[in-house]
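Peer 1: Just one file: structure_38.cif, with mmCIF, C-alpha atoms and all ligand atoms.
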data_protein
#
loop_
_atom_site.label_atom_id
_atom_site.label_comp_id
_atom_site.auth_asym_id
_atom_site.auth_seq_id
_atom_site.Cartn_x
_atom_site.Cartn_y
_atom_site.Cartn_z
CA MET D 179 0.00 0.00 0.00
CA LYS D 180 1.25 3.48 -0.89
CA ILE D 181 1.70 5.85 2.05
CA ASP D 182 0.37 9.33 1.35
CA GLY D 183 3.09 11.59 2.80
CA ALA D 184 1.39 14.74 1.49
CA LYS D 185 -1.75 13.87 3.47
CA ILE D 186 0.27 13.23 6.65
CA ALA D 187 2.08 16.56 6.13
CA ASP D 188 -1.21 18.44 5.59
CA LYS D 189 -2.55 17.09 8.88
CA ILE D 190 0.62 18.20 10.72
CA LEU D 191 0.46 21.68 9.11
CA THR D 192 -3.24 22.07 9.98
CA ASN D 193 -2.42 21.31 13.63
CA LEU D 194 0.49 23.78 13.50
CA GLN D 195 -1.83 26.49 12.14
CA ILE D 196 -4.04 25.94 15.18
CA GLU D 197 -1.00 26.04 17.52
CA LEU D 198 0.31 29.26 15.94
CA SER D 199 -1.08 32.03 18.09
CA PRO D 200 -0.51 35.73 17.37
CA HIS D 201 1.98 35.64 20.27
CA ILE D 202 4.20 33.09 18.57
CA PHE D 203 6.34 34.82 16.02
CA GLY D 204 8.61 32.60 13.95
CA GLN D 205 11.07 33.36 11.20
CA LEU D 206 13.31 30.93 9.37
CA ALA D 207 16.63 31.85 7.75
CA VAL D 208 17.91 29.49 5.06
CA ILE D 209 21.46 29.72 3.73
CA LEU D 210 21.79 28.23 0.26
CA ILE D 211 25.26 27.85 -1.25
CA GLY D 212 25.73 26.87 -4.89
CA THR D 213 23.25 25.86 -7.57
CA ASP D 214 22.46 22.24 -6.73
CA LYS D 215 19.09 21.56 -8.37
CA ASN D 216 17.76 19.34 -5.57
CA SER D 217 18.76 21.90 -2.92
CA GLN D 218 16.82 24.57 -4.84
CA ILE D 219 13.75 22.28 -4.89
CA TYR D 220 14.01 21.65 -1.13
CA VAL D 221 14.41 25.37 -0.36
CA ASN D 222 11.40 26.22 -2.56
CA GLN D 223 9.33 23.66 -0.65
CA LYS D 224 10.33 25.39 2.60
CA ILE D 225 9.36 28.81 1.23
CA LYS D 226 6.00 27.43 0.05
CA THR D 227 5.24 25.81 3.41
CA GLY D 228 6.31 28.98 5.24
CA ARG D 229 3.79 30.96 3.13
CA LYS D 230 1.07 28.45 3.95
CA LEU D 231 1.71 28.97 7.68
CA GLY D 232 2.32 32.73 7.42
CA ILE D 233 5.93 32.24 8.58
CA PRO D 234 8.56 34.36 6.80
CA VAL D 235 11.43 32.40 5.26
CA SER D 236 14.46 34.48 4.25
CA VAL D 237 16.88 32.83 1.86
CA TYR D 238 20.54 33.91 1.81
CA ARG D 239 21.95 32.74 -1.55
CA TYR D 240 25.70 32.50 -2.17
CA ASN D 241 27.83 30.98 -4.86
CA THR D 242 30.54 28.48 -4.01
CA SER D 243 33.19 31.18 -3.85
CA ILE D 244 31.89 32.31 -0.43
CA SER D 245 34.72 32.02 2.09
CA ILE D 246 34.26 30.03 5.29
CA ASP D 247 35.05 33.24 7.16
CA LYS D 248 32.17 35.09 5.46
CA LEU D 249 29.80 32.17 6.07
CA THR D 250 30.81 32.09 9.76
CA LYS D 251 30.18 35.83 10.12
CA LEU D 252 26.74 35.51 8.50
CA VAL D 253 25.75 32.62 10.79
CA ASP D 254 27.06 34.51 13.85
CA LYS D 255 24.89 37.50 12.86
CA LEU D 256 21.81 35.31 12.41
CA ASN D 257 22.55 33.53 15.70
CA LEU D 258 22.29 36.92 17.47
CA ASP D 259 19.25 38.19 15.53
CA ASN D 260 16.21 38.04 17.84
CA GLN D 261 13.84 38.21 14.87
CA ILE D 262 15.06 34.81 13.67
CA GLN D 263 14.16 31.65 15.58
CA GLY D 264 15.49 29.01 13.20
CA ILE D 265 18.51 28.79 10.89
CA ILE D 266 19.32 26.19 8.25
CA ILE D 267 22.39 25.72 6.11
CA GLN D 268 20.98 23.71 3.22
CA ARG D 269 22.95 20.48 2.74
CA PRO D 270 24.99 19.43 0.83
CA VAL D 271 27.31 22.39 1.43
CA PRO D 272 29.74 22.58 -1.54
CA LEU D 273 32.61 24.04 0.52
CA ASN D 274 35.72 22.48 1.96
CA LEU D 275 34.25 22.40 5.44
CA LYS D 276 34.28 19.37 7.76
CA PRO D 277 30.75 18.28 8.86
CA ASP D 278 31.76 18.50 12.55
CA LYS D 279 32.68 22.17 12.14
CA LEU D 280 29.61 22.94 10.03
CA ASN D 281 27.29 21.29 12.55
CA LEU D 282 28.58 23.56 15.36
CA MET D 283 28.00 26.86 13.54
CA ILE D 284 24.31 27.34 14.27
CA ARG D 285 23.37 27.95 17.91
CA SER D 286 21.80 24.82 19.41
CA ASP D 287 18.52 26.66 20.23
CA LYS D 288 18.15 27.84 16.60
CA ASP D 289 19.35 24.61 14.97
CA VAL D 290 15.92 23.42 13.78
CA ASP D 291 17.56 20.86 11.45
CA GLY D 292 19.04 19.11 14.50
CA PHE D 293 22.65 18.83 13.27
CA HIS D 294 24.34 20.43 16.31
CA PRO D 295 25.41 17.70 18.79
CA ARG D 296 23.50 19.56 21.55
CA SER D 297 20.65 20.75 19.34
CA LEU D 298 17.36 21.23 21.17
CA PHE D 299 15.66 19.63 18.17
CA ASP D 300 15.46 16.16 16.68
CA PRO D 301 16.28 16.04 12.95
CA PRO D 302 13.09 16.62 10.90
CA VAL D 303 13.92 13.72 8.56
CA ALA D 304 13.93 11.29 11.52
CA LEU D 305 10.76 12.84 12.98
CA ALA D 306 9.16 12.47 9.53
CA ILE D 307 9.89 8.73 9.50
CA ALA D 308 8.45 8.41 12.99
CA GLU D 309 5.25 10.20 11.85
CA ILE D 310 4.97 7.93 8.79
CA LEU D 311 5.40 4.81 10.93
CA LYS D 312 2.84 6.15 13.43
CA SER D 313 0.37 6.54 10.55
CA ILE D 314 0.76 2.80 9.84
CA HIS D 315 0.43 1.76 13.48
CA PRO D 316 -1.14 4.58 15.51
CA LEU D 317 -2.07 2.39 18.48
CA ASN D 318 0.79 1.50 20.86
CA TYR D 319 3.21 2.84 18.26
CA LEU D 320 6.38 2.51 20.34
CA ASN D 321 5.55 -1.00 21.61
CA TRP D 322 4.85 -2.09 18.05
CA LEU D 323 8.09 -0.49 16.84
CA LYS D 324 10.13 -2.25 19.52
CA ASN D 325 9.08 -5.57 17.95
CA GLN D 326 10.13 -4.55 14.44
CA LYS D 327 13.58 -5.13 13.00
CA ILE D 328 14.65 -1.86 11.37
CA LEU D 329 17.31 -1.59 8.69
CA ILE D 330 18.79 1.79 7.76
CA ILE D 331 20.80 1.64 4.52
CA GLY D 332 23.36 4.47 4.51
CA ARG D 333 25.22 6.30 7.26
CA GLY D 334 25.57 9.69 5.55
CA GLU D 335 25.47 13.09 7.22
CA THR D 336 21.98 14.25 6.20
CA ALA D 337 20.02 11.01 6.17
CA GLY D 338 21.31 7.69 7.56
CA LYS D 339 23.36 9.12 10.44
CA PRO D 340 20.73 11.45 11.98
CA ILE D 341 17.98 8.83 11.47
CA ALA D 342 20.07 6.15 13.19
CA LYS D 343 20.91 8.53 16.06
CA TYR D 344 17.24 9.32 16.64
CA PHE D 345 15.99 5.72 16.50
CA SER D 346 18.88 4.35 18.57
CA LYS D 347 17.70 6.59 21.46
CA LYS D 348 14.43 4.63 21.41
CA CYS D 349 16.22 1.31 22.06
CA LEU D 350 14.93 -0.34 18.92
CA GLN D 351 16.27 -3.33 16.99
CA LEU D 352 18.38 -1.29 14.62
CA HIS D 353 20.69 -2.50 11.84
CA ILE D 354 22.84 -0.19 9.73
CA ALA D 355 24.13 -1.06 6.25
CA HIS D 356 26.51 0.92 4.00
CA SER D 357 28.57 0.64 0.82
CA GLN D 358 30.77 -2.09 2.31
CA THR D 359 27.90 -4.28 3.52
CA SER D 360 28.20 -7.57 1.64
CA ASN D 361 24.96 -9.27 2.65
CA LEU D 362 22.42 -6.50 1.97
CA LYS D 363 19.81 -8.82 0.45
CA LYS D 364 19.95 -11.16 3.46
CA LEU D 365 19.70 -8.21 5.85
CA CYS D 366 16.73 -6.72 3.97
CA LEU D 367 14.89 -10.04 4.03
CA ALA D 368 15.54 -10.39 7.77
CA CYS D 369 14.14 -6.93 8.59
CA ASP D 370 10.58 -5.61 8.79
CA ILE D 371 11.18 -1.91 8.15
CA ILE D 372 13.74 -0.87 5.50
CA ILE D 373 14.86 2.76 5.27
CA PRO D 374 17.15 3.26 2.25
CA CYS D 375 19.14 6.51 2.60
CA VAL D 376 21.60 6.22 -0.27
CA GLY D 377 20.55 8.30 -3.29
CA ARG D 378 21.24 5.71 -6.00
CA PRO D 379 18.94 3.57 -8.16
CA ASN D 380 18.01 -0.04 -7.34
CA ILE D 381 19.60 -0.27 -3.89
CA VAL D 382 16.56 -2.26 -2.74
CA ARG D 383 15.19 -4.60 -5.38
CA HIS D 384 12.06 -6.72 -5.77
CA ASP D 385 13.77 -9.90 -4.54
CA MET D 386 15.08 -8.17 -1.39
CA VAL D 387 11.72 -7.52 0.27
CA LYS D 388 8.99 -9.56 1.95
CA SER D 389 5.28 -9.20 1.29
CA ASP D 390 4.83 -7.44 4.64
CA SER D 391 7.96 -5.24 4.49
CA ILE D 392 7.63 -1.52 5.16
CA LEU D 393 9.79 0.52 2.80
CA ILE D 394 10.45 4.16 3.69
CA GLY D 395 12.42 5.87 0.92
CA VAL D 396 14.70 8.70 2.06
CA GLY D 397 17.48 8.59 -0.56
CA LEU D 398 16.71 10.38 -3.83
CA HIS D 399 18.39 10.55 -7.21
CA PRO D 400 17.41 12.34 -10.41
CA GLU D 401 16.12 10.27 -13.34
CA GLU D 402 14.65 11.82 -16.48
CA ASN D 403 14.34 15.18 -14.70
CA LYS D 404 12.42 13.66 -11.81
CA LEU D 405 13.52 12.61 -8.34
CA ARG D 406 13.34 8.89 -7.66
CA PRO D 407 13.81 6.78 -4.50
CA ASP D 408 16.45 4.05 -4.01
CA TYR D 409 13.97 1.46 -5.36
CA GLN D 410 11.75 1.10 -8.41
CA GLN D 411 8.51 2.09 -6.79
CA GLU D 412 6.25 0.91 -9.65
CA ASP D 413 7.75 -2.58 -9.38
CA ILE D 414 8.29 -3.00 -5.66
CA GLY D 415 5.18 -1.13 -4.48
CA ASP D 416 2.88 -4.04 -5.40
CA LYS D 417 4.93 -6.52 -3.42
CA VAL D 418 5.50 -4.88 -0.01
CA GLY D 419 3.06 -4.13 2.79
CA PHE D 420 3.66 -0.36 2.76
CA TYR D 421 5.97 1.99 0.86
CA THR D 422 6.50 5.70 0.48
CA PRO D 423 6.41 7.13 -3.05
CA VAL D 424 8.46 9.95 -4.55
CA PRO D 425 7.10 12.57 -4.86
CA GLY D 426 4.69 12.70 -1.94
CA GLY D 427 6.47 10.46 0.57
CA VAL D 428 9.07 11.47 3.18
CA GLY D 429 9.79 14.92 1.62
CA PRO D 430 6.58 16.81 2.56
CA VAL D 431 6.52 15.28 6.07
CA ASN D 432 10.17 16.29 6.54
CA VAL D 433 9.32 19.93 5.73
CA ALA D 434 6.26 19.86 8.01
CA MET D 435 8.41 18.56 10.91
CA LEU D 436 10.99 21.27 10.26
CA PHE D 437 8.28 23.89 10.78
CA LYS D 438 7.10 22.05 13.88
CA ASN D 439 10.66 22.45 15.23
CA LEU D 440 10.62 26.14 14.24
CA ILE D 441 7.37 26.79 16.08
CA LYS D 442 8.80 24.99 19.12
CA ALA D 443 11.87 27.27 18.89
CA ALA D 444 9.66 30.35 18.61
CA SER D 445 7.47 29.37 21.55
CA GLN D 446 10.58 28.83 23.70
CA THR D 447 11.59 32.45 23.20
CA LEU D 448 8.27 33.77 24.56
N1 LIG D 501 13.69 12.65 1.48
C1 LIG D 501 14.25 13.56 2.29
O1 LIG D 501 13.55 14.34 2.92
C2 LIG D 501 15.75 13.56 2.43
C3 LIG D 501 16.39 14.19 3.53
C4 LIG D 501 17.78 14.11 3.64
C5 LIG D 501 18.53 13.44 2.67
N2 LIG D 501 17.87 12.89 1.60
C6 LIG D 501 18.60 12.12 0.56
O2 LIG D 501 19.20 10.99 1.19
C7 LIG D 501 20.33 10.57 0.44
C8 LIG D 501 21.51 10.37 1.38
O3 LIG D 501 21.95 11.61 1.88
P1 LIG D 501 23.31 11.72 2.74
O4 LIG D 501 23.63 13.14 2.88
O5 LIG D 501 23.18 10.89 3.98
O6 LIG D 501 24.33 11.04 1.68
P2 LIG D 501 25.80 10.53 1.80
O7 LIG D 501 26.52 11.26 2.88
O8 LIG D 501 26.32 10.54 0.42
O9 LIG D 501 25.63 9.01 2.30
C9 LIG D 501 25.26 7.98 1.45
C10 LIG D 501 25.36 6.67 2.20
O10 LIG D 501 24.98 5.61 1.30
C11 LIG D 501 25.90 4.54 1.47
N3 LIG D 501 25.96 3.78 0.21
C12 LIG D 501 26.48 4.16 -0.98
N4 LIG D 501 26.34 3.18 -1.90
C13 LIG D 501 25.74 2.14 -1.25
C14 LIG D 501 25.34 0.84 -1.64
N5 LIG D 501 25.51 0.40 -2.89
N6 LIG D 501 24.75 0.05 -0.73
C15 LIG D 501 24.54 0.48 0.53
N7 LIG D 501 24.90 1.71 0.98
C16 LIG D 501 25.50 2.53 0.09
C17 LIG D 501 27.23 5.19 1.78
O11 LIG D 501 28.06 4.24 2.43
P3 LIG D 501 29.51 4.59 3.00
O12 LIG D 501 29.27 5.31 4.31
O13 LIG D 501 30.16 3.27 3.18
O14 LIG D 501 30.17 5.47 1.99
C18 LIG D 501 26.78 6.34 2.69
O15 LIG D 501 26.72 5.95 4.03
C19 LIG D 501 20.53 11.64 -0.64
O16 LIG D 501 19.93 11.17 -1.83
C20 LIG D 501 19.76 12.84 -0.12
O17 LIG D 501 19.30 13.68 -1.16
C21 LIG D 501 16.52 12.94 1.47
#
Spit out the file's structure as structure tokens when you get a sec.
Ligand SMILES: NC(=O)c1ccc[n+]([C@@H]2O[C@H](COP(=O)([O-])OP(=O)(O)OC[C@H]3O[C@@H](n4cnc5c(N)ncnc54)[C@H](OP(=O)(O)O)[C@@H]3O)[C@@H](O)[C@H]2O)c1
Peer 2:
Amino acid sequence: MKIDGAKIADKILTNLQIELSPHIFGQLAVILIGTDKNSQIYVNQKIKTGRKLGIPVSVYRYNTSISIDKLTKLVDKLNLDNQIQGIIIQRPVPLNLKPDKLNLMIRSDKDVDGFHPRSLFDPPVALAIAEILKSIHPLNYLNWLKNQKILIIGRGETAGKPIAKYFSKKCLQLHIAHSQTSNLKKLCLACDIIIPCVGRPNIVRHDMVKSDSILIGVGLHPEENKLRPDYQQEDIGDKVGFYTPVPGGVGPVNVAMLFKNLIKAASQTL
């Protein structure tokens, strides 16, 4: 069965609109470096959702010649700006900057993407997966989840790593696979929930899933001018129990959870 991420996101945004009182004033600053097509799409989705909620989103666009010093000064300024409650540096950042250093730039109380090691916020992509899984099993969600074997494929900075960090806090049966994993098919068949976070075609194939598998597609790659998940959704969708499509799967829920974090940040400054 196809999971309707857009519908889940709409429900979250409707609840946020109710939560947003005139006293809660939020503003999001997004720093976008370079011309990566996917990053532009993600930033546009954030602007669109901000408009829907009446939350201003300011985008600071730079080309890849921006120096790390200039970027640091900009982030420092935004960190001190009381009008701004959330800051994002859109990943991937095409600069020679180590992830550890990048993750520390934004103040932990404004880091709505949850990259700072002491961020007050869980990463929206991990929260999005939790919301999607809750939509499958709303009753006793955590008890149900504790009995599921979860496989995260990928340990990258923006997807696999933050998702694994979030779910490992919940003491779940978690398995992580990566480019050096030799028995991926066996692992996939042994797990109930598969979360591919790679960004390449055919990572999970038809013969790697069970009829009751839950497939949550995070990784994306472009194909014929469209974004596609790490599996052939037309082929695999008929076989598994549940799967998220692209578009309309994890993406919209991710953006909705980002704004949930932003509203939390704004309400903490009251
Ligand atoms: N849908 C959303 O809302 C959302 C949010 C965030 C990210 N994303 C997408 O998620 C994807 C991953 O992002 P990222 O920043 O985490 O990427 P990344 O840093 O490039 O990490 C990719 C991971 O995939 C692993 N990998 C590569 N080839 C593999 C293979 N054949 N089998 C198994 N694992 C393999 C790599 O293993 P090694 O560690 O061994 O190199 C690495 O851990 C991207 O497509 C990104 O656009 C989507």
Peer 1: What is the distance, in Å and to one decimal place, between atom CA of Ser389 of chain D and atom CA of Met179 of chain D?
Peer 2: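 Straight-line distance from atom CA of Ser389 of chain D to atom CA of Met179 of chain D works out to 10.7 Å.
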Peer 1: Around ligand LIG 501 (chain D), at most 6 Å away and counting all atoms listed in the file, which residues are there? Put them as a PDB file with C-alpha atoms, keeping the file's coordinate frame, please.
Peer 2:
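As written to disk, pocket.pdb reads:
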ATOM      1  CA  VAL D 303      13.920  13.720   8.560  1.00  0.00           C
ATOM      2  CA  ILE D 331      20.800   1.640   4.520  1.00  0.00           C
ATOM      3  CA  GLY D 332      23.360   4.470   4.510  1.00  0.00           C
ATOM      4  CA  ARG D 333      25.220   6.300   7.260  1.00  0.00           C
ATOM      5  CA  GLY D 334      25.570   9.690   5.550  1.00  0.00           C
ATOM      6  CA  GLU D 335      25.470  13.090   7.220  1.00  0.00           C
ATOM      7  CA  THR D 336      21.980  14.250   6.200  1.00  0.00           C
ATOM      8  CA  ALA D 337      20.020  11.010   6.170  1.00  0.00           C
ATOM      9  CA  GLY D 338      21.310   7.690   7.560  1.00  0.00           C
ATOM     10  CA  ALA D 355      24.130  -1.060   6.250  1.00  0.00           C
ATOM     11  CA  HIS D 356      26.510   0.920   4.000  1.00  0.00           C
ATOM     12  CA  SER D 357      28.570   0.640   0.820  1.00  0.00           C
ATOM     13  CA  GLN D 358      30.770  -2.090   2.310  1.00  0.00           C
ATOM     14  CA  CYS D 375      19.140   6.510   2.600  1.00  0.00           C
ATOM     15  CA  VAL D 376      21.600   6.220  -0.270  1.00  0.00           C
ATOM     16  CA  GLY D 377      20.550   8.300  -3.290  1.00  0.00           C
ATOM     17  CA  VAL D 396      14.700   8.700   2.060  1.00  0.00           C
ATOM     18  CA  GLY D 397      17.480   8.590  -0.560  1.00  0.00           C
ATOM     19  CA  LEU D 398      16.710  10.380  -3.830  1.00  0.00           C
ATOM     20  CA  HIS D 399      18.390  10.550  -7.210  1.00  0.00           C
ATOM     21  CA  VAL D 428       9.070  11.470   3.180  1.00  0.00           C
ATOM     22  CA  GLY D 429       9.790  14.920   1.620  1.00  0.00           C
ATOM     23  CA  ASN D 432      10.170  16.290   6.540  1.00  0.00           C
TER      24      ASN D 432
END
Peer 1: Using only C-alpha atoms, which protein or nucleic acid residues come within 10 Å of Tyr409 of chain D? Drop anything in the same chain fewer than 3 positions from it, and give the result as a PyMOL selection string.
Peer 2: chain D and resi 374+377-384+393+395+397-398+406+412-415+423
Peer 1: Find, counting all atoms listed in the file, the residue in D:Leu311, D:Ala187, D:Leu258, D:Ile202 that gets nearest to Ala444 of chain D.
Peer 2: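 Distance minimum relative to Ala444 of chain D lands on D:Ile202.
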Peer 1: Quick one: pull the distance between atom CA of Leu210 of chain D and atom CA of Pro340 of chain D, Å, one decimal.
Peer 2: 20.5 Å
Peer 1: Calculate how many Å separate atom CA of Ile330 of chain D from atom CA of Ile354 of chain D, rounding to one decimal.
Peer 2: 4.9 Å
Peer 1: Considering only C-alpha atoms, return as a list of chain:residue names whatever protein or nucleic-acid residues lie within 7 Å of Ile328 of chain D, sequence-local ones (same chain, fewer than 3 positions apart) excluded.
Peer 2: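 Answer for this query is D:Gln351, D:Leu352, D:His353, D:Cys369, D:Asp370, D:Ile371, D:Ile372.
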Peer 1: Hey, which of D:Ser286, D:Ser313, D:Thr242, D:Asn222 ends up closest to Asp182 of chain D? Count all atoms listed in the file.
Peer 2: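 Of the candidates, the smallest distance to Asp182 of chain D is held by D:Ser313.
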Peer 1: Assuming 8 Å of padding per side, give the centre and edge lengths of the axis-aligned box around every listed atom of segment 308-321 of chain D, in Å to one decimal and as JSON.
Peer 2:
{"center_x": 3.2, "center_y": 4.6, "center_z": 15.2, "size_x": 26.5, "size_y": 27.2, "size_z": 28.8}
Peer 1: Taking 3 positions as the minimum chain separation for residues in the same chain, which residues sit within 8 Å of Ala368 of chain D when counting all atoms listed in the file? Answer as a PyMOL selection string.
Peer 2: chain D and resi 327+364-365
Peer 1: Keeping C-alpha atoms, export the residues of the selection given above as a short mmCIF file (atom, residue, chain, number, x, y, z; two decimals), in the coordinates of the input.
Peer 2:
data_model
loop_
_atom_site.label_atom_id
_atom_site.label_comp_id
_atom_site.auth_asym_id
_atom_site.auth_seq_id
_atom_site.Cartn_x
_atom_site.Cartn_y
_atom_site.Cartn_z
CA LYS D 327 13.58 -5.13 13.00
CA LYS D 364 19.95 -11.16 3.46
CA LEU D 365 19.70 -8.21 5.85
#
Peer 1: Near Ile244 of chain D, counting all atoms listed in the file, which residues have an atom at most 10 Å away, once you skip same-chain residues fewer than 6 positions from it, shown as an MDAnalysis selection string?
Peer 2: chainID D and resid 211:212 273
Peer 1: Distance cut-off 10 Å, centre (6.0, 14.0, 4.8) in file coordinates, counting all atoms listed in the file: which residues qualify? Return them as a CSV table (one decimal) with C-alpha atoms, in the coordinates of the input.
Peer 2:
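Wrote it out as point35.csv, contents follow:
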chain,number,residue,atom,x,y,z
D,181,ILE,CA,1.7,5.8,2.0
D,182,ASP,CA,0.4,9.3,1.4
D,183,GLY,CA,3.1,11.6,2.8
D,184,ALA,CA,1.4,14.7,1.5
D,185,LYS,CA,-1.8,13.9,3.5
D,186,ILE,CA,0.3,13.2,6.6
D,187,ALA,CA,2.1,16.6,6.1
D,188,ASP,CA,-1.2,18.4,5.6
D,189,LYS,CA,-2.6,17.1,8.9
D,190,ILE,CA,0.6,18.2,10.7
D,302,PRO,CA,13.1,16.6,10.9
D,303,VAL,CA,13.9,13.7,8.6
D,305,LEU,CA,10.8,12.8,13.0
D,306,ALA,CA,9.2,12.5,9.5
D,307,ILE,CA,9.9,8.7,9.5
D,309,GLU,CA,5.2,10.2,11.8
D,310,ILE,CA,5.0,7.9,8.8
D,422,THR,CA,6.5,5.7,0.5
D,425,PRO,CA,7.1,12.6,-4.9
D,426,GLY,CA,4.7,12.7,-1.9
D,427,GLY,CA,6.5,10.5,0.6
D,428,VAL,CA,9.1,11.5,3.2
D,429,GLY,CA,9.8,14.9,1.6
D,430,PRO,CA,6.6,16.8,2.6
D,431,VAL,CA,6.5,15.3,6.1
D,432,ASN,CA,10.2,16.3,6.5
D,433,VAL,CA,9.3,19.9,5.7
D,434,ALA,CA,6.3,19.9,8.0
D,435,MET,CA,8.4,18.6,10.9
Peer 1: Using only C-alpha atoms, which of D:Tyr220, D:Tyr238, D:Phe203, D:Phe420 sits nearest Pro270 of chain D?
Peer 2: D:Tyr220
Peer 1: Hey, which of D:Leu440, D:Gln205, D:Lys251, D:Val424 ends up closest to Ile233 of chain D? Count only C-alpha atoms.
Peer 2: D:Gln205
